[in-house]
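Novice: What follows is target.pdb, made up of PDB, C-alpha atoms:
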ATOM      1  CA  MET A   1       2.852 -88.040 -56.354
ATOM      2  CA  ASP A   2      -0.734 -89.253 -56.690
ATOM      3  CA  LEU A   3      -1.940 -86.347 -58.802
ATOM      4  CA  VAL A   4      -5.598 -87.384 -58.797
ATOM      5  CA  ARG A   5      -5.754 -87.604 -55.005
ATOM      6  CA  HIS A   6      -3.951 -84.261 -54.643
ATOM      7  CA  LEU A   7      -6.385 -82.620 -57.076
ATOM      8  CA  GLU A   8      -9.306 -84.028 -55.072
ATOM      9  CA  CYS A   9      -7.839 -82.295 -52.018
ATOM     10  CA  PHE A  10      -7.387 -79.035 -53.939
ATOM     11  CA  VAL A  11     -10.997 -79.039 -55.203
ATOM     12  CA  ALA A  12     -12.380 -79.881 -51.747
ATOM     13  CA  VAL A  13     -10.505 -77.015 -50.055
ATOM     14  CA  ALA A  14     -11.487 -74.614 -52.838
ATOM     15  CA  GLU A  15     -15.172 -75.517 -52.518
ATOM     16  CA  GLU A  16     -15.261 -75.568 -48.710
ATOM     17  CA  SER A  17     -12.916 -72.587 -48.153
ATOM     18  CA  HIS A  18     -11.924 -74.337 -44.953
ATOM     19  CA  PHE A  19      -9.326 -77.029 -44.281
ATOM     20  CA  GLY A  20     -11.303 -78.635 -41.459
ATOM     21  CA  ARG A  21     -14.494 -79.021 -43.467
ATOM     22  CA  ALA A  22     -12.539 -80.215 -46.512
ATOM     23  CA  ALA A  23     -10.720 -82.806 -44.398
ATOM     24  CA  ALA A  24     -14.034 -84.104 -42.997
ATOM     25  CA  ARG A  25     -15.481 -84.307 -46.522
ATOM     26  CA  LEU A  26     -12.474 -86.312 -47.690
ATOM     27  CA  GLY A  27     -12.463 -88.575 -44.637
ATOM     28  CA  MET A  28      -8.945 -87.612 -43.542
ATOM     29  CA  ALA A  29      -7.198 -85.580 -40.834
ATOM     30  CA  GLN A  30      -6.439 -81.908 -41.404
ATOM     31  CA  PRO A  31      -2.595 -82.020 -41.142
ATOM     32  CA  PRO A  32      -2.179 -84.554 -44.016
ATOM     33  CA  LEU A  33      -4.569 -82.452 -46.102
ATOM     34  CA  SER A  34      -2.481 -79.332 -45.539
ATOM     35  CA  GLN A  35       0.640 -81.274 -46.452
ATOM     36  CA  ARG A  36      -0.920 -82.458 -49.719
ATOM     37  CA  ILE A  37      -1.894 -78.930 -50.693
ATOM     38  CA  GLN A  38       1.632 -77.720 -49.943
ATOM     39  CA  ARG A  39       3.140 -80.531 -52.009
ATOM     40  CA  LEU A  40       0.794 -79.776 -54.911
ATOM     41  CA  GLU A  41       1.727 -76.123 -54.795
ATOM     42  CA  LYS A  42       5.409 -77.069 -54.836
ATOM     43  CA  GLU A  43       4.885 -79.465 -57.726
ATOM     44  CA  LEU A  44       2.950 -76.886 -59.787
ATOM     45  CA  GLY A  45       5.140 -73.941 -58.817
ATOM     46  CA  VAL A  46       2.158 -71.723 -57.955
ATOM     47  CA  ARG A  47       0.395 -70.754 -54.747
ATOM     48  CA  LEU A  48      -3.179 -72.041 -54.702
ATOM     49  CA  PHE A  49      -4.470 -70.591 -51.430
ATOM     50  CA  GLU A  50      -3.828 -67.658 -49.128
ATOM     51  CA  ARG A  51      -4.047 -68.840 -45.542
ATOM     52  CA  THR A  52      -4.691 -66.886 -42.356
ATOM     53  CA  SER A  53      -5.559 -68.110 -38.884
ATOM     54  CA  ARG A  54      -9.236 -67.519 -39.642
ATOM     55  CA  GLN A  55      -9.816 -68.251 -43.324
ATOM     56  CA  VAL A  56      -8.555 -69.809 -46.533
ATOM     57  CA  THR A  57      -8.877 -67.844 -49.785
ATOM     58  CA  ILE A  58      -8.182 -69.264 -53.222
ATOM     59  CA  THR A  59      -5.611 -67.309 -55.229
ATOM     60  CA  GLU A  60      -6.014 -66.064 -58.780
ATOM     61  CA  ALA A  61      -3.797 -68.928 -59.971
ATOM     62  CA  GLY A  62      -5.916 -71.361 -57.976
ATOM     63  CA  THR A  63      -9.097 -69.995 -59.534
ATOM     64  CA  LEU A  64      -7.661 -70.403 -63.039
ATOM     65  CA  LEU A  65      -6.628 -73.997 -62.289
ATOM     66  CA  LEU A  66      -9.825 -75.061 -60.516
ATOM     67  CA  ALA A  67     -11.837 -75.713 -63.697
ATOM     68  CA  GLU A  68      -8.965 -77.743 -65.139
ATOM     69  CA  ALA A  69      -8.748 -79.756 -61.918
ATOM     70  CA  ARG A  70     -12.466 -80.541 -61.992
ATOM     71  CA  GLU A  71     -12.229 -81.623 -65.643
ATOM     72  CA  LEU A  72      -9.266 -83.893 -64.907
ATOM     73  CA  LEU A  73     -11.136 -85.511 -62.008
ATOM     74  CA  ALA A  74     -14.202 -86.076 -64.195
ATOM     75  CA  ARG A  75     -12.023 -87.696 -66.865
ATOM     76  CA  SER A  76     -10.371 -89.826 -64.185
ATOM     77  CA  ASP A  77     -13.778 -91.069 -63.050
ATOM     78  CA  SER A  78     -14.739 -91.795 -66.654
ATOM     79  CA  PHE A  79     -11.458 -93.652 -67.187
ATOM     80  CA  ARG A  80     -12.035 -95.820 -64.123
ATOM     81  CA  ALA A  81     -15.603 -96.555 -65.173
ATOM     82  CA  ALA A  82     -14.403 -97.615 -68.636
ATOM     83  CA  ALA A  83     -11.774 -99.848 -67.056
ATOM     84  CA  ARG A  84     -14.456-101.488 -64.881
ATOM     85  CA  ARG A  85     -16.642-102.150 -67.922
ATOM     86  CA  ILE A  86     -13.715-103.732 -69.772
ATOM     87  CA  ARG A  87     -12.753-105.771 -66.691
ATOM     88  CA  ASP A  88     -16.331-106.989 -66.337
ATOM     89  CA  GLY A  89     -16.559-107.863 -70.036
ATOM     90  CA  GLU A  90     -19.191-105.228 -70.773
ATOM     91  CA  SER A  91     -17.205-103.293 -73.398
ATOM     92  CA  GLY A  92     -13.980-103.428 -75.356
ATOM     93  CA  LEU A  93     -12.654-105.750 -78.068
ATOM     94  CA  LEU A  94     -12.256-109.527 -77.827
ATOM     95  CA  ARG A  95     -10.070-111.183 -80.475
ATOM     96  CA  ALA A  96     -11.304-114.752 -80.901
ATOM     97  CA  ALA A  97     -10.868-117.663 -83.309
ATOM     98  CA  LEU A  98     -12.648-120.853 -84.352
ATOM     99  CA  SER A  99     -11.231-123.837 -86.206
ATOM    100  CA  PRO A 100     -12.279-124.186 -89.883
ATOM    101  CA  ASP A 101     -14.297-127.366 -89.244
ATOM    102  CA  VAL A 102     -16.936-125.545 -87.172
ATOM    103  CA  SER A 103     -20.248-125.469 -89.023
ATOM    104  CA  GLY A 104     -22.156-122.340 -89.945
ATOM    105  CA  GLU A 105     -24.983-123.329 -87.601
ATOM    106  CA  THR A 106     -22.555-123.535 -84.682
ATOM    107  CA  VAL A 107     -20.967-120.187 -85.563
ATOM    108  CA  ALA A 108     -24.394-118.536 -85.718
ATOM    109  CA  ALA A 109     -25.448-120.034 -82.378
ATOM    110  CA  LEU A 110     -22.192-118.947 -80.735
ATOM    111  CA  LEU A 111     -22.500-115.365 -81.989
ATOM    112  CA  ALA A 112     -26.127-115.065 -80.890
ATOM    113  CA  ASP A 113     -25.337-116.447 -77.433
ATOM    114  CA  PHE A 114     -22.279-114.230 -77.040
ATOM    115  CA  ARG A 115     -24.208-111.078 -78.034
ATOM    116  CA  HIS A 116     -26.830-112.006 -75.444
ATOM    117  CA  ARG A 117     -24.172-112.405 -72.747
ATOM    118  CA  ARG A 118     -22.031-109.360 -73.666
ATOM    119  CA  SER A 119     -24.004-107.014 -75.929
ATOM    120  CA  GLY A 120     -21.600-104.098 -75.430
ATOM    121  CA  LEU A 121     -18.460-106.046 -76.313
ATOM    122  CA  GLU A 122     -17.044-106.087 -79.842
ATOM    123  CA  LEU A 123     -16.125-109.592 -81.001
ATOM    124  CA  GLU A 124     -13.451-109.892 -83.703
ATOM    125  CA  LEU A 125     -13.863-113.487 -84.874
ATOM    126  CA  HIS A 126     -11.350-115.281 -87.119
ATOM    127  CA  GLU A 127     -11.242-118.701 -88.791
ATOM    128  CA  LEU A 128      -7.848-120.169 -87.847
ATOM    129  CA  SER A 129      -6.314-123.615 -87.573
ATOM    130  CA  THR A 130      -5.008-124.803 -84.215
ATOM    131  CA  ALA A 131      -1.414-124.048 -85.275
ATOM    132  CA  GLN A 132      -2.402-120.525 -86.325
ATOM    133  CA  GLN A 133      -4.216-119.977 -83.032
ATOM    134  CA  LEU A 134      -1.208-121.110 -81.000
ATOM    135  CA  ALA A 135       0.966-118.691 -82.980
ATOM    136  CA  GLY A 136      -1.588-115.935 -82.344
ATOM    137  CA  PHE A 137      -1.486-116.576 -78.594
ATOM    138  CA  ALA A 138       2.317-116.491 -78.613
ATOM    139  CA  ALA A 139       2.327-113.192 -80.519
ATOM    140  CA  HIS A 140      -0.334-111.671 -78.195
ATOM    141  CA  GLU A 141      -2.615-111.229 -81.206
ATOM    142  CA  LEU A 142      -5.399-113.494 -79.960
ATOM    143  CA  ASP A 143      -7.373-113.461 -76.706
ATOM    144  CA  VAL A 144      -9.291-116.734 -76.928
ATOM    145  CA  GLY A 145      -9.865-119.572 -79.390
ATOM    146  CA  LEU A 146     -11.266-123.036 -79.987
ATOM    147  CA  ILE A 147      -8.402-125.506 -80.499
ATOM    148  CA  HIS A 148      -8.050-129.189 -81.399
ATOM    149  CA  HIS A 149      -6.322-131.684 -79.108
ATOM    150  CA  PRO A 150      -3.660-132.944 -79.020
ATOM    151  CA  CYS A 151      -1.484-129.853 -79.238
ATOM    152  CA  ASP A 152       1.076-128.040 -77.117
ATOM    153  CA  VAL A 153      -0.973-126.258 -74.450
ATOM    154  CA  THR A 154       2.006-124.789 -72.593
ATOM    155  CA  GLY A 155       1.100-121.343 -71.277
ATOM    156  CA  LEU A 156      -2.617-121.824 -71.901
ATOM    157  CA  GLU A 157      -5.669-122.324 -69.733
ATOM    158  CA  LEU A 158      -8.455-124.509 -71.085
ATOM    159  CA  GLY A 159     -12.183-124.941 -70.829
ATOM    160  CA  PRO A 160     -13.809-128.387 -70.776
ATOM    161  CA  VAL A 161     -12.762-130.870 -73.440
ATOM    162  CA  LEU A 162     -15.605-131.547 -75.886
ATOM    163  CA  ARG A 163     -15.743-134.682 -78.060
ATOM    164  CA  ARG A 164     -17.284-134.849 -81.548
ATOM    165  CA  ASP A 165     -17.410-138.358 -83.026
ATOM    166  CA  LEU A 166     -16.200-138.629 -86.616
ATOM    167  CA  GLY A 167     -17.991-140.293 -89.498
ATOM    168  CA  VAL A 168     -17.043-140.826 -93.124
ATOM    169  CA  LEU A 169     -18.027-138.966 -96.288
ATOM    170  CA  LEU A 170     -18.066-141.319 -99.300
ATOM    171  CA  PRO A 171     -19.539-141.643-102.795
ATOM    172  CA  ARG A 172     -23.210-142.578-102.821
ATOM    173  CA  GLY A 173     -22.460-145.509-105.088
ATOM    174  CA  ALA A 174     -19.945-147.052-102.654
ATOM    175  CA  ALA A 175     -20.971-150.317-101.029
ATOM    176  CA  GLN A 176     -20.372-148.802 -97.585
ATOM    177  CA  ALA A 177     -23.020-146.140 -98.297
ATOM    178  CA  GLU A 178     -25.646-148.866 -97.859
ATOM    179  CA  LEU A 179     -24.563-149.459 -94.252
ATOM    180  CA  ASP A 180     -26.005-147.713 -91.203
ATOM    181  CA  GLU A 181     -22.506-147.707 -89.644
ATOM    182  CA  VAL A 182     -19.247-148.134 -91.526
ATOM    183  CA  PRO A 183     -16.384-150.226 -90.075
ATOM    184  CA  LEU A 184     -13.038-148.504 -90.483
ATOM    185  CA  ALA A 185     -11.466-151.620 -91.986
ATOM    186  CA  SER A 186     -14.029-151.608 -94.793
ATOM    187  CA  LEU A 187     -12.501-148.393 -96.153
ATOM    188  CA  THR A 188      -9.343-150.244 -97.225
ATOM    189  CA  GLY A 189      -8.484-149.329-100.798
ATOM    190  CA  TYR A 190      -9.788-145.763-100.550
ATOM    191  CA  ASP A 191      -7.535-142.710-100.406
ATOM    192  CA  LEU A 192      -8.164-140.464 -97.411
ATOM    193  CA  VAL A 193      -8.754-136.712 -97.686
ATOM    194  CA  LEU A 194      -7.414-134.855 -94.649
ATOM    195  CA  PHE A 195      -6.833-131.230 -93.714
ATOM    196  CA  PRO A 196      -3.250-130.018 -94.337
ATOM    197  CA  ARG A 197      -0.945-131.389 -91.642
ATOM    198  CA  ALA A 198       0.531-127.962 -90.834
ATOM    199  CA  GLY A 199      -2.818-126.861 -89.396
ATOM    200  CA  ALA A 200      -2.700-129.373 -86.518
ATOM    201  CA  PRO A 201       0.236-131.794 -86.854
ATOM    202  CA  ALA A 202      -0.442-133.874 -83.735
ATOM    203  CA  VAL A 203      -4.142-134.268 -84.591
ATOM    204  CA  TYR A 204      -3.233-135.288 -88.147
ATOM    205  CA  ASP A 205      -0.710-137.905 -86.992
ATOM    206  CA  ASP A 206      -2.966-139.326 -84.294
ATOM    207  CA  LEU A 207      -5.865-139.575 -86.723
ATOM    208  CA  LEU A 208      -3.795-141.703 -89.120
ATOM    209  CA  THR A 209      -2.574-143.828 -86.211
ATOM    210  CA  ALA A 210      -6.136-144.402 -85.029
ATOM    211  CA  CYS A 211      -7.198-145.367 -88.569
ATOM    212  CA  ALA A 212      -4.390-147.924 -88.716
ATOM    213  CA  ARG A 213      -5.431-149.343 -85.344
ATOM    214  CA  GLY A 214      -8.934-149.752 -86.745
ATOM    215  CA  GLY A 215      -7.676-151.670 -89.769
ATOM    216  CA  TYR A 216      -7.670-148.855 -92.323
ATOM    217  CA  THR A 217      -4.408-147.693 -93.890
ATOM    218  CA  PRO A 218      -5.291-145.361 -96.775
ATOM    219  CA  ALA A 219      -3.713-146.026-100.137
ATOM    220  CA  ALA A 220      -2.768-142.335-100.256
ATOM    221  CA  VAL A 221      -3.496-139.193 -98.258
ATOM    222  CA  ARG A 222      -4.814-136.204-100.148
ATOM    223  CA  HIS A 223      -5.137-132.747 -98.633
ATOM    224  CA  GLY A 224      -8.094-130.430 -98.747
ATOM    225  CA  GLN A 225     -10.188-128.266 -96.437
ATOM    226  CA  GLY A 226     -12.892-126.456 -98.390
ATOM    227  CA  ALA A 227     -16.144-128.454 -98.495
ATOM    228  CA  SER A 228     -16.552-128.213-102.273
ATOM    229  CA  PHE A 229     -12.935-129.180-102.957
ATOM    230  CA  VAL A 230     -13.075-132.189-100.624
ATOM    231  CA  ARG A 231     -16.387-133.267-102.134
ATOM    232  CA  GLY A 232     -14.795-133.139-105.570
ATOM    233  CA  LEU A 233     -11.932-135.368-104.418
ATOM    234  CA  VAL A 234     -14.373-137.864-102.920
ATOM    235  CA  LEU A 235     -16.381-138.014-106.131
ATOM    236  CA  SER A 236     -13.527-138.285-108.607
ATOM    237  CA  SER A 237     -10.509-139.793-106.879
ATOM    238  CA  GLY A 238     -11.663-142.948-105.106
ATOM    239  CA  ALA A 239     -11.295-141.182-101.778
ATOM    240  CA  VAL A 240     -13.201-140.754 -98.530
ATOM    241  CA  ALA A 241     -13.091-137.960 -95.959
ATOM    242  CA  LEU A 242     -13.607-137.901 -92.207
ATOM    243  CA  GLY A 243     -15.634-135.419 -90.218
ATOM    244  CA  PRO A 244     -18.398-135.065 -87.597
ATOM    245  CA  ARG A 245     -22.047-135.049 -88.630
ATOM    246  CA  ASP A 246     -22.306-131.249 -88.325
ATOM    247  CA  THR A 247     -19.159-130.478 -90.335
ATOM    248  CA  ARG A 248     -19.289-128.519 -93.578
ATOM    249  CA  LEU A 249     -18.144-131.677 -95.342
ATOM    250  CA  ALA A 250     -21.197-133.562 -94.101
ATOM    251  CA  ALA A 251     -23.406-130.621 -95.050
ATOM    252  CA  ALA A 252     -22.034-130.993 -98.578
ATOM    253  CA  GLY A 253     -23.076-134.637 -98.494
ATOM    254  CA  ASP A 254     -26.155-134.404-100.689
ATOM    255  CA  GLY A 255     -26.811-136.025-104.014
ATOM    256  CA  ASP A 256     -23.646-137.863-105.077
ATOM    257  CA  VAL A 257     -21.991-138.138-101.632
ATOM    258  CA  VAL A 258     -23.258-139.345 -98.264
ATOM    259  CA  TRP A 259     -22.101-139.183 -94.648
ATOM    260  CA  ARG A 260     -22.198-142.275 -92.448
ATOM    261  CA  PRO A 261     -21.148-142.796 -88.800
ATOM    262  CA  LEU A 262     -18.224-145.132 -88.091
ATOM    263  CA  ALA A 263     -18.996-148.382 -86.287
ATOM    264  CA  GLY A 264     -18.021-148.167 -82.627
ATOM    265  CA  ALA A 265     -17.165-144.456 -82.872
ATOM    266  CA  PRO A 266     -13.403-145.181 -82.987
ATOM    267  CA  LEU A 267     -12.425-141.664 -84.079
ATOM    268  CA  ALA A 268     -13.232-138.272 -82.602
ATOM    269  CA  TRP A 269     -12.198-134.669 -82.628
ATOM    270  CA  ARG A 270     -11.579-133.139 -79.229
ATOM    271  CA  HIS A 271     -11.811-129.414 -78.716
ATOM    272  CA  SER A 272     -11.578-126.939 -75.907
ATOM    273  CA  VAL A 273     -11.661-123.192 -75.610
ATOM    274  CA  ALA A 274      -8.170-121.893 -74.793
ATOM    275  CA  TRP A 275      -6.706-118.587 -73.659
ATOM    276  CA  PRO A 276      -3.306-117.375 -72.365
ATOM    277  CA  LYS A 277      -2.672-118.352 -68.765
ATOM    278  CA  GLY A 278      -3.614-115.639 -66.287
ATOM    279  CA  ARG A 279      -5.457-113.557 -68.902
ATOM    280  CA  GLY A 280      -8.916-115.026 -68.540
ATOM    281  CA  ASP A 281     -11.570-112.406 -67.722
ATOM    282  CA  ALA A 282     -15.330-112.020 -67.935
ATOM    283  CA  ALA A 283     -15.201-111.527 -71.719
ATOM    284  CA  VAL A 284     -13.134-114.689 -72.249
ATOM    285  CA  GLY A 285     -15.471-116.556 -69.914
ATOM    286  CA  ALA A 286     -18.503-115.410 -71.905
ATOM    287  CA  PHE A 287     -16.934-116.636 -75.155
ATOM    288  CA  ALA A 288     -15.981-119.961 -73.578
ATOM    289  CA  ASP A 289     -19.508-120.474 -72.280
ATOM    290  CA  ALA A 290     -21.082-119.478 -75.614
ATOM    291  CA  ALA A 291     -18.750-121.747 -77.630
ATOM    292  CA  THR A 292     -19.276-124.700 -75.311
ATOM    293  CA  HIS A 293     -23.057-124.278 -75.384
ATOM    294  CA  ALA A 294     -23.124-123.888 -79.185
ATOM    295  CA  LEU A 295     -21.037-127.028 -79.758
ATOM    296  CA  ARG A 296     -23.250-129.056 -77.433
ATOM    297  CA  THR A 297     -26.549-127.878 -78.879
ATOM    298  CA  THR A 298     -25.727-127.694 -82.601
ATOM    299  CA  ALA A 299     -22.835-130.139 -83.042
ATOM    300  CA  GLY A 300     -23.728-132.911 -80.610
ATOM    301  CA  ALA A 301     -20.498-132.403 -78.693
ATOM    302  CA  ARG A 302     -20.223-133.944 -75.250
ATOM    303  CA  SER A 303     -17.875-133.298 -72.364
ATOM    304  CA  GLU A 304     -14.993-135.536 -71.387
ATOM    305  CA  ALA A 305     -14.125-134.986 -67.747
ATOM    306  CA  PRO A 306     -10.360-134.639 -67.168
ATOM    307  CA  ALA A 307      -8.564-136.618 -64.488
ATOM    308  CA  ARG A 308      -7.130-133.405 -63.047
ATOM    309  CA  PRO A 309      -7.268-129.670 -63.863
ATOM    310  CA  LEU A 310      -6.846-129.233 -67.607
ATOM    311  CA  HIS A 311      -4.222-126.517 -67.509
ATOM    312  CA  LEU A 312      -1.903-128.888 -65.661
ATOM    313  CA  ARG A 313      -2.179-131.699 -68.205
ATOM    314  CA  PRO A 314       0.682-132.218 -70.656
ATOM    315  CA  ALA A 315      -0.293-132.064 -74.305
ATOM    316  CA  SER A 316       0.575-135.756 -74.771
ATOM    317  CA  GLU A 317      -2.423-136.752 -72.622
ATOM    318  CA  PHE A 318      -4.973-135.474 -75.152
ATOM    319  CA  TRP A 319      -5.454-138.332 -77.616
ATOM    320  CA  LEU A 320      -7.900-139.016 -80.389
TER     321      LEU A 320
END
Any chance you could put this one into structure tokens?
Specialist:
Amino acid sequence: MDLVRHLECFVAVAEESHFGRAAARLGMAQPPLSQRIQRLEKELGVRLFERTSRQVTITEAGTLLLAEARELLARSDSFRAAARRIRDGESGLLRAALSPDVSGETVAALLADFRHRRSGLELELHELSTAQQLAGFAAHELDVGLIHHPCDVTGLELGPVLRRDLGVLLPRGAAQAELDEVPLASLTGYDLVLFPRAGAPAVYDDLLTACARGGYTPAAVRHGQGASFVRGLVLSSGAVALGPRDTRLAAAGDGDVVWRPLAGAPLAWRHSVAWPKGRGDAAVGAFADAATHALRTTAGARSEAPARPLHLRPASEFWL
């Protein structure tokens, strides 16, 4: 039984004291209205109205239940209104994530843009690797995130792919620091500092493959993610690190370390906003738009148009 609709009928008859007028108010015929009242009475086990050929009179039980019925209808309206606000991305909670390489300037721009788009929506933002985000999607603990390609995008829908060209962070005293652009092959002999492979295995492997194609096979691979830690490795271990100009690593490049672009831009990070298939809504769309805009305006990211809809592309097609 549709309790809300039956209560609407009960309240209308009680307020009109007439089945005909109540039926007209509800936009329905009188016989179905009478049947609904009878069914409600049977369901509740009490008689709500006394009926004669000339009038309808609410019973004592009906009078006692009328206030409760009105309150339930008001709460139903409030519930529907809240659901509409959540559906339209105007309120509720959005669980989102960004990869650790996103700069503070980009994070700030994203948050400001998102608040402008959806001021009534609470954003719970986490710093998670691509692997952690994929696990969060699978566990239904994450609504939307910014991932690195390549990765397994099965079950996900994606926003536009954004490219950020990578440069190199190296000691200021290195010969390559005097160059405007550094050829990959000239880094031979240096160790390479990379993020831990578990965070994005396919990105890690493809990055090393691309370095080898460019003539650079590092003597050793060291792992680090925090800007200060990586900077320390670069300064003391004969190592270099890779990252886009806006990365925290590049921001740490003052004094003893410098950031330089790579000649020919042979390496890049590719990102897109991702969310579980079929679960995109206005809130997810607002985050995707804010993230895309922030990466373009603060990180120099540019779009790479896909050959066909992104959510249909196998993960193996996203290459560095």
Novice: Given the file above and the PyMOL selection byres ((chain A and resi 268-270) around 9), which residues are selected, and can you give them as a PyMOL selection string?
Specialist: chain A and resi 147-150+161-167+203+207+243-244+265-267+271-272+301+304+318-320
Novice: Could you tell me how far atom CA of Lys277 of chain A sits from atom CA of Leu93 of chain A, in Å to one decimal place?
Specialist: 18.6 Å
Novice: Can you tell me which residues surround segment 170-180 of chain A at a distance of at most 6 Å, considering only C-alpha atoms, apart from same-chain residues fewer than 5 positions away, and format the answer as a list in words?
Specialist: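 Here the answer would be Leu235, Val240, Asp256, Val257 and Val258 of chain A.
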Novice: Could you work out how far atom CA of Val234 of chain A lies from atom CA of Leu192 of chain A, giving the answer in Å with one decimal?
Specialist: 8.7 Å
Novice: My list of candidates is A:Pro100, A:Leu110, A:Thr59, A:Leu146. Which is closest to Phe195 of chain A when distances are computed with only C-alpha atoms?
Specialist: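 The shortest atom-to-atom distance to Phe195 of chain A comes from A:Pro100.
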